[in-house]
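Peer 1: I am sharing query.txt, which consists of compact mmCIF, C-alpha atoms:
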# COMPACT_ATOMS: atom_id res chain seq x y z
CA MET A 1 -139.37 12.88 56.16
CA SER A 2 -137.77 15.27 53.94
CA ARG A 3 -134.58 14.21 52.42
CA ARG A 4 -131.64 16.30 53.42
CA LYS A 5 -129.24 17.30 50.81
CA ALA A 6 -125.62 16.44 51.56
CA PRO A 7 -123.67 19.64 52.01
CA THR A 8 -121.50 20.32 49.06
CA VAL A 9 -117.99 21.57 49.70
CA LYS A 10 -116.74 24.10 47.31
CA GLU A 11 -113.06 23.43 46.78
CA ASP A 12 -111.09 26.21 45.31
CA VAL A 13 -108.00 24.60 43.83
CA THR A 14 -105.41 27.32 43.53
CA CYS A 15 -101.69 27.03 43.08
CA ASN A 16 -99.71 28.70 45.85
CA LEU A 17 -96.84 30.28 44.00
CA ILE A 18 -95.12 31.98 46.91
CA PRO A 19 -92.67 29.17 47.89
CA MET A 20 -91.82 28.63 44.24
CA ILE A 21 -91.10 32.31 43.74
CA ASP A 22 -88.95 32.32 46.88
CA ILE A 23 -86.89 29.40 45.63
CA MET A 24 -86.56 30.87 42.18
CA PHE A 25 -85.38 34.15 43.63
CA LEU A 26 -82.74 32.28 45.60
CA LEU A 27 -81.66 30.35 42.50
CA LEU A 28 -81.50 33.55 40.51
CA LEU A 29 -79.40 35.19 43.20
CA PHE A 30 -77.04 32.21 43.27
CA PHE A 31 -76.54 32.15 39.51
CA MET A 32 -76.12 35.92 39.34
CA LEU A 33 -73.47 35.94 42.05
CA SER A 34 -71.59 32.95 40.66
CA ALA A 35 -71.61 34.32 37.12
CA ASP A 36 -68.02 35.20 36.31
CA MET A 37 -68.05 38.39 34.33
CA THR A 38 -64.25 38.53 34.18
CA GLN A 39 -64.01 35.68 31.73
CA ARG A 40 -62.95 37.95 28.94
CA GLU A 41 -59.62 38.15 30.70
CA PHE A 42 -59.37 34.38 31.01
CA GLU A 43 -59.85 32.41 27.82
CA ASP A 44 -60.66 28.72 27.83
CA VAL A 45 -57.18 27.27 28.08
CA VAL A 46 -56.21 23.69 28.89
CA LEU A 47 -53.48 24.48 31.39
CA PRO A 48 -50.59 22.13 32.14
CA SER A 49 -51.06 20.25 35.37
CA ALA A 50 -48.67 20.67 38.31
CA ASP A 51 -49.07 19.41 41.86
CA GLN A 52 -46.76 22.03 43.37
CA VAL A 53 -48.75 24.95 42.05
CA GLN A 54 -49.94 27.47 44.61
CA GLU A 55 -53.32 29.09 44.55
CA VAL A 56 -52.86 32.81 44.97
CA PRO A 57 -55.45 34.32 47.33
CA LYS A 58 -57.46 37.07 45.68
CA ASP A 59 -56.88 39.57 48.49
CA LYS A 60 -53.12 39.21 48.00
CA THR A 61 -53.32 40.38 44.41
CA ALA A 62 -56.00 43.01 44.99
CA GLY A 63 -54.99 46.44 43.75
CA GLU A 64 -52.15 45.06 41.64
CA GLU A 65 -52.11 45.97 37.98
CA THR A 66 -52.07 42.74 36.03
CA THR A 67 -52.13 41.72 32.40
CA THR A 68 -53.19 38.20 31.54
CA ILE A 69 -51.73 36.78 28.35
CA ASN A 70 -53.56 33.71 27.07
CA ILE A 71 -51.93 31.36 24.58
CA TYR A 72 -54.29 28.78 23.16
CA HIS A 73 -55.08 26.76 20.09
CA ARG A 74 -57.75 28.14 17.76
CA PRO A 75 -60.95 26.27 18.65
CA ASP A 76 -62.65 24.07 16.07
CA SER A 77 -65.50 25.73 14.23
CA ALA A 78 -67.53 25.30 11.04
CA THR A 79 -64.73 26.83 9.00
CA PHE A 80 -61.72 25.66 10.96
CA THR A 81 -60.55 22.32 12.21
CA CYS A 82 -57.16 20.97 13.25
CA PRO A 83 -57.10 17.17 13.32
CA LEU A 84 -53.69 17.14 14.98
CA TYR A 85 -54.76 19.12 18.04
CA ALA A 86 -58.15 17.40 18.16
CA HIS A 87 -56.38 14.03 18.48
CA GLY A 88 -53.99 15.26 21.15
CA SER A 89 -51.00 15.49 18.82
CA LEU A 90 -48.57 18.35 18.69
CA CYS A 91 -49.71 21.13 16.35
CA ARG A 92 -46.89 23.45 15.36
CA ASP A 93 -48.67 25.53 12.75
CA PRO A 94 -48.09 29.11 13.97
CA SER A 95 -51.36 30.31 12.44
CA HIS A 96 -53.28 27.90 14.71
CA TRP A 97 -51.95 29.43 17.92
CA ILE A 98 -53.54 32.55 19.33
CA ILE A 99 -52.04 34.95 21.82
CA SER A 100 -54.73 37.10 23.38
CA VAL A 101 -54.93 39.93 25.85
CA ARG A 102 -58.44 40.95 26.94
CA SER A 103 -59.94 39.12 23.95
CA ALA A 104 -57.76 40.98 21.43
CA GLU A 105 -55.71 38.58 19.31
CA TYR A 106 -52.01 38.99 18.57
CA THR A 107 -49.20 37.10 16.91
CA PRO A 108 -45.82 36.47 18.58
CA ASP A 109 -44.57 39.57 16.75
CA THR A 110 -47.48 41.96 17.31
CA ILE A 111 -47.73 41.17 21.03
CA ARG A 112 -44.46 43.07 21.51
CA ASP A 113 -46.12 46.47 21.07
CA GLN A 114 -48.94 45.51 23.41
CA ILE A 115 -46.48 44.43 26.12
CA ARG A 116 -44.59 47.70 25.69
CA ASN A 117 -47.81 49.70 26.10
CA GLU A 118 -48.79 47.70 29.17
CA ALA A 119 -45.34 48.17 30.70
CA GLU A 120 -45.24 51.91 30.04
CA ALA A 121 -48.73 52.38 31.47
CA SER A 122 -47.56 51.48 34.96
CA LEU A 123 -43.95 52.48 35.39
CA GLU A 124 -42.57 52.61 38.92
CA ALA A 125 -41.98 56.09 40.34
CA GLU A 126 -38.27 55.71 40.95
CA VAL A 127 -35.35 54.43 38.93
CA ASP A 128 -34.32 50.95 40.02
CA PRO A 129 -30.64 51.07 41.09
CA GLU A 130 -30.02 47.49 39.93
CA ALA A 131 -31.52 47.96 36.47
CA GLY A 132 -30.63 51.64 36.04
CA LYS A 133 -34.08 52.44 34.70
CA ARG A 134 -37.70 52.71 35.78
CA MET A 135 -39.16 49.21 35.93
CA SER A 136 -42.80 48.43 35.37
CA ALA A 137 -44.96 47.64 38.37
CA ARG A 138 -47.31 45.60 36.22
CA LYS A 139 -47.60 41.86 36.76
CA VAL A 140 -47.95 39.61 33.72
CA ILE A 141 -49.77 36.31 34.09
CA ILE A 142 -49.06 33.82 31.31
CA ARG A 143 -51.85 31.29 30.79
CA ALA A 144 -50.61 28.97 28.08
CA ASP A 145 -52.19 25.80 26.75
CA HIS A 146 -50.35 22.62 27.77
CA MET A 147 -49.48 21.96 24.11
CA ALA A 148 -48.47 25.53 23.29
CA PRO A 149 -45.02 25.92 21.70
CA TYR A 150 -42.49 27.00 24.33
CA GLY A 151 -41.08 29.42 21.76
CA ASP A 152 -44.15 31.67 22.13
CA ILE A 153 -43.73 31.84 25.91
CA GLN A 154 -40.02 32.49 25.46
CA LYS A 155 -40.82 35.48 23.27
CA ILE A 156 -43.24 36.91 25.81
CA LEU A 157 -40.66 36.51 28.58
CA GLN A 158 -38.10 38.20 26.37
CA TYR A 159 -40.40 41.16 25.64
CA CYS A 160 -41.29 41.49 29.31
CA GLY A 161 -37.62 41.63 30.22
CA GLU A 162 -36.98 44.13 27.46
CA PHE A 163 -39.69 46.54 28.66
CA GLY A 164 -38.99 46.28 32.37
CA ILE A 165 -41.74 43.92 33.45
CA TYR A 166 -40.19 41.62 36.00
CA LYS A 167 -43.24 40.32 37.87
CA ILE A 168 -44.26 37.25 35.91
CA GLU A 169 -46.53 34.43 36.90
CA VAL A 170 -47.25 31.29 34.91
CA ALA A 171 -50.56 29.56 35.45
CA ALA A 172 -50.93 25.84 35.90
CA ALA A 173 -53.84 23.68 36.89
CA ALA A 174 -53.93 21.94 40.21
CA PRO A 175 -54.49 18.22 39.64
CA THR A 176 -58.01 17.05 40.41
CA LYS A 177 -58.24 15.02 43.58
CA ALA A 178 -59.46 11.45 43.08
CA MET B 1 -101.06 29.18 35.12
CA ALA B 2 -102.82 32.13 33.64
CA GLY B 3 -104.24 34.41 36.24
CA ALA B 4 -102.14 33.02 39.10
CA SER B 5 -101.93 35.62 41.77
CA ILE B 6 -100.82 36.26 45.28
CA GLY B 7 -103.74 36.86 47.65
CA ASP B 8 -107.34 35.72 47.49
CA ASN B 9 -109.42 37.89 45.22
CA GLU B 10 -112.33 37.79 47.64
CA GLU B 11 -110.32 38.61 50.77
CA ASN B 12 -107.90 41.01 49.21
CA PRO B 13 -109.16 43.08 46.35
CA VAL B 14 -105.60 44.14 45.45
CA ALA B 15 -104.20 40.90 44.05
CA ILE B 16 -100.86 40.86 42.31
CA ASN B 17 -100.64 38.89 39.11
CA VAL B 18 -97.30 37.11 39.37
CA THR B 19 -97.40 35.14 36.13
CA ALA B 20 -95.35 37.66 34.21
CA MET B 21 -92.81 37.92 37.00
CA VAL B 22 -92.44 34.13 37.23
CA ASP B 23 -91.89 33.98 33.47
CA VAL B 24 -89.18 36.61 33.62
CA ILE B 25 -87.45 34.94 36.57
CA PHE B 26 -87.56 31.62 34.73
CA CYS B 27 -85.89 33.20 31.74
CA LEU B 28 -83.23 34.82 33.93
CA CYS B 29 -82.62 31.54 35.73
CA VAL B 30 -82.17 29.70 32.45
CA PHE B 31 -79.81 32.40 31.18
CA PHE B 32 -77.57 32.32 34.25
CA MET B 33 -77.65 28.51 34.37
CA CYS B 34 -76.49 28.34 30.77
CA SER B 35 -73.78 30.91 31.31
CA LEU B 36 -72.53 29.20 34.46
CA HIS B 37 -69.00 28.07 33.89
CA PHE B 38 -67.17 25.95 36.41
CA ARG B 39 -63.63 27.15 36.25
CA GLN B 40 -60.79 24.73 36.68
CA LEU B 41 -58.89 25.23 39.92
CA GLU B 42 -55.71 26.93 38.88
CA GLY B 43 -52.66 28.30 40.59
CA LYS B 44 -49.51 30.14 39.65
CA PHE B 45 -45.77 29.74 39.68
CA ASP B 46 -43.85 32.94 40.42
CA THR B 47 -41.19 33.38 37.76
CA TRP B 48 -39.83 36.85 38.36
CA LEU B 49 -37.34 38.07 35.84
CA PRO B 50 -34.01 39.46 36.98
CA LYS B 51 -34.08 43.28 36.93
CA GLY B 52 -30.51 43.94 35.91
CA LYS B 53 -29.65 41.03 33.69
CA GLY B 54 -32.81 40.39 31.70
CA SER B 55 -32.14 38.16 28.74
CA ALA B 56 -28.81 39.79 28.00
CA GLY B 57 -26.79 36.72 29.01
CA VAL B 58 -24.45 35.88 31.82
CA GLY B 59 -21.32 37.68 30.67
CA ASP B 60 -17.86 36.30 31.41
CA SER B 61 -18.67 34.80 34.77
CA VAL B 62 -18.22 31.07 35.21
CA ILE B 63 -21.54 29.37 34.61
CA GLN B 64 -22.60 27.39 37.62
CA GLU B 65 -25.97 25.88 37.15
CA ILE B 66 -27.95 22.70 36.88
CA ARG B 67 -28.90 22.75 33.23
CA VAL B 68 -31.77 20.65 31.97
CA ALA B 69 -31.90 20.59 28.18
CA VAL B 70 -35.18 19.70 26.53
CA TYR B 71 -35.35 18.88 22.82
CA TRP B 72 -38.11 17.97 20.46
CA ASP B 73 -37.32 14.73 18.63
CA GLU B 74 -39.20 15.36 15.38
CA PRO B 75 -38.85 11.89 13.74
CA ASN B 76 -40.11 10.08 16.82
CA GLY B 77 -42.51 12.83 17.89
CA ARG B 78 -41.35 12.91 21.49
CA VAL B 79 -39.49 15.06 23.96
CA VAL B 80 -35.89 14.25 24.90
CA ARG B 81 -34.47 15.52 28.19
CA GLN B 82 -30.85 15.73 29.14
CA LEU B 83 -29.05 16.72 32.34
CA GLY B 84 -25.41 17.33 31.57
CA ASN B 85 -24.57 14.52 29.17
CA ARG B 86 -27.04 12.12 30.62
CA MET B 87 -30.32 11.34 28.90
CA ILE B 88 -33.27 11.22 31.25
CA ALA B 89 -35.74 8.36 31.00
CA ASN B 90 -38.48 9.49 33.36
CA ASP B 91 -39.58 12.12 35.88
CA GLU B 92 -38.36 10.15 38.91
CA GLU B 93 -34.86 9.93 37.49
CA LEU B 94 -34.84 13.63 36.66
CA GLN B 95 -36.04 14.57 40.13
CA ALA B 96 -33.39 12.38 41.76
CA LEU B 97 -30.61 13.80 39.57
CA ILE B 98 -31.65 17.42 40.15
CA ALA B 99 -31.85 16.79 43.91
CA GLU B 100 -28.40 15.18 43.84
CA ALA B 101 -26.86 18.04 41.84
CA HIS B 102 -28.49 20.62 44.10
CA ALA B 103 -27.23 18.82 47.21
CA ASP B 104 -23.70 18.95 45.75
CA PHE B 105 -23.96 22.74 45.31
CA VAL B 106 -25.34 23.10 48.85
CA LYS B 107 -22.28 21.23 50.12
CA LEU B 108 -20.11 23.72 48.22
CA ASN B 109 -21.96 26.50 50.06
CA LYS B 110 -23.79 27.58 46.90
CA PRO B 111 -27.43 26.84 47.67
CA ASP B 112 -28.59 29.57 45.26
CA THR B 113 -27.29 27.76 42.20
CA PRO B 114 -30.16 27.84 39.73
CA VAL B 115 -31.74 25.13 37.67
CA THR B 116 -31.71 26.37 34.10
CA ILE B 117 -34.32 25.02 31.73
CA ASP B 118 -32.95 25.14 28.23
CA ALA B 119 -35.83 24.08 26.01
CA ASP B 120 -36.33 23.99 22.28
CA ALA B 121 -38.98 26.40 20.95
CA ARG B 122 -41.09 23.49 19.66
CA VAL B 123 -41.28 21.74 23.00
CA PRO B 124 -44.80 21.68 24.49
CA TRP B 125 -45.26 24.08 27.40
CA SER B 126 -46.42 21.24 29.67
CA GLU B 127 -42.93 19.70 29.51
CA VAL B 128 -41.35 22.93 30.76
CA ILE B 129 -43.94 23.30 33.53
CA ASN B 130 -43.29 19.67 34.47
CA ILE B 131 -39.61 20.44 35.07
CA VAL B 132 -40.53 23.56 37.09
CA ASN B 133 -42.85 21.32 39.12
CA ILE B 134 -40.07 18.77 39.71
CA CYS B 135 -37.75 21.54 40.91
CA LYS B 136 -40.43 22.77 43.32
CA ARG B 137 -40.79 19.21 44.64
CA ASP B 138 -37.04 19.29 45.34
CA GLN B 139 -37.54 22.61 47.20
CA ILE B 140 -35.56 24.50 44.55
CA ASP B 141 -36.97 27.97 43.97
CA LYS B 142 -34.30 29.43 41.75
CA ILE B 143 -35.27 28.39 38.25
CA GLU B 144 -34.08 30.11 35.12
CA PHE B 145 -35.23 29.88 31.52
CA ALA B 146 -32.55 29.85 28.85
CA MET B 147 -33.36 31.45 25.54
CA GLY B 148 -33.17 28.75 22.87
CA ALA B 149 -31.38 25.44 22.68
CA GLY B 150 -29.06 23.93 20.14
CA PRO B 151 -29.43 20.50 18.57
CA PRO B 152 -28.59 17.47 20.73
CA GLN B 153 -24.97 16.34 20.83
Mind turning the file's structure into structure tokens?

Peer 2:
Amino acid sequence: MSRRKAPTVKEDVTCNLIPMIDIMFLLLLFFMLSADMTQREFEDVVLPSADQVQEVPKDKTAGEETTTINIYHRPDSATFTCPLYAHGSLCRDPSHWIISVRSAEYTPDTIRDQIRNEAEASLEAEVDPEAGKRMSARKVIIRADHMAPYGDIQKILQYCGEFGIYKIEVAAAAPTKA
Amino acid sequence: MAGASIGDNEENPVAINVTAMVDVIFCLCVFFMCSLHFRQLEGKFDTWLPKGKGSAGVGDSVIQEIRVAVYWDEPNGRVVRQLGNRMIANDEELQALIAEAHADFVKLNKPDTPVTIDADARVPWSEVINIVNICKRDQIDKIEFAMGAGPPQ
């Protein structure tokens, strides 16, 4: 009797990459679509909280010319630190507060020229009978830190009024639901 | 994973080496994951400025308003709020007083009487927004901002 050799099974262990690639493509698509490329307009600002604040639908503001003015405290870095702000106390050092429009930094005095330019760039076609001049169709959104000095916001409102910008919105954070 | 490919080399002579593609997609995934920023849910308060008046003042007309004065008490490091001559202790009291004053003006057939927020320049912005929020809770839409405030009486 001849001994029969047990048949050997050749197993080819390969890694099927197709499902992984599919999932990674989906993840990539998700992250690409959710990436907010408009963040330059919106700085990281700790907004004051308000429960009556209304979320403005994006389609309602579509096509409107807007300027977002951010007012925030200079963030801590290797060369700069503010112990007052870091501990939640009121910092009233004017050099610590930044006013920015599209990532360009201004002071409460230099922002005046910027607001004038923004206002003049989108003047309404006709003279407003109430104001006796051409108003600006531009909307200004003020995004100020909750600890920002009210004086800075006052100045911006004053400049807006001076240059015919009457559409103003102030941003506030909706409280997080428990 | 070197040499990983789609398709069996024996069955399909045209195999695609996907290793490089997987590496690139990994890198892209990591990049977008790191740049993902969950934005805080935020909304807006409409605060349209008057077209004719601006910040030029109210002229000679009789001032009829509900004025909330907000001061910064430097020695104690706190905010002091005042409605008329009355010092306000908390938000509930302020809301009740504003509602009461507004109801009085409604009775006088002047429902458009504004709430004027007269805050010191050093006051934190959150305190001003808090008063705007209280007015909105009382269904008052006409809110004005005064330019500057004097020292407390």

Peer 1: Residues near B:Val22, anyone? I mean within 9 Å using only C-alpha atoms, not counting same-chain ones fewer than 5 positions away, as a count of residues only.

Peer 2: 5

Peer 1: Which is closer to A:Arg143 than all the others in B:Ser126, B:Gln82, B:Asn90, B:Gln95, using only C-alpha atoms?

Peer 2: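 Under the stated criterion, the closest residue is B:Ser126.
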
Peer 1: Find the residues in chain B near chain A: any atom within 6 Å counts, using only C-alpha atoms. Write them as a PyMOL selection string.

Peer 2: chain B and resi 29+32+36+41-49+51-52+54+121-126+133

Peer 1: Find the distance between atom CA of B:Phe26 and atom CA of B:Val14 and write it in Å to one decimal.

Peer 2: 24.4 Å

Peer 1: Within 9 Å of (-40.1, 15.1, 24.7), all atoms listed in the file: residues as an MDAnalysis selection string?

Peer 2: chainID B and resid 70:73 77:81 123:124 127

Peer 1: Those selected residues, please, written with C-alpha atoms and delivered as a PDB file, in the coordinates of the input.

Peer 2:
ATOM      1  CA  VAL B  70     -35.180  19.700  26.530  1.00  0.00           C
ATOM      2  CA  TYR B  71     -35.350  18.880  22.820  1.00  0.00           C
ATOM      3  CA  TRP B  72     -38.110  17.970  20.460  1.00  0.00           C
ATOM      4  CA  ASP B  73     -37.320  14.730  18.630  1.00  0.00           C
ATOM      5  CA  GLY B  77     -42.510  12.830  17.890  1.00  0.00           C
ATOM      6  CA  ARG B  78     -41.350  12.910  21.490  1.00  0.00           C
ATOM      7  CA  VAL B  79     -39.490  15.060  23.960  1.00  0.00           C
ATOM      8  CA  VAL B  80     -35.890  14.250  24.900  1.00  0.00           C
ATOM      9  CA  ARG B  81     -34.470  15.520  28.190  1.00  0.00           C
ATOM     10  CA  VAL B 123     -41.280  21.740  23.000  1.00  0.00           C
ATOM     11  CA  PRO B 124     -44.800  21.680  24.490  1.00  0.00           C
ATOM     12  CA  GLU B 127     -42.930  19.700  29.510  1.00  0.00           C
TER      13      GLU B 127
END

Peer 1: If we count all atoms listed in the file, what is near A:Thr107 at a cut-off of 8 Å, once residues fewer than 4 positions away on the same chain are taken out, given as a list in words?

Peer 2: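 My list of contacting residues is Ile98, Ile99 and Ile111 of chain A.
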
Peer 1: Please, what distance in Å, to one decimal, runs between atom CA of B:Ile66 and atom CA of B:Ile117?

Peer 2: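 Computing it gives 8.5 Å between the two atoms.
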
Peer 1: What residues have an atom no more than 7 Å from (-35.0, 18.1, 39.9) in the file's own frame, counting all atoms listed in the file, and can you write them as an MDAnalysis selection string?

Peer 2: chainID B and resid 94:99 134:135 138

Peer 1: Any idea what the distance is between atom CA of B:Phe31 and atom CA of B:Val18?

Peer 2: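 Going from atom CA of B:Phe31 over to atom CA of B:Val18 covers 19.9 Å.
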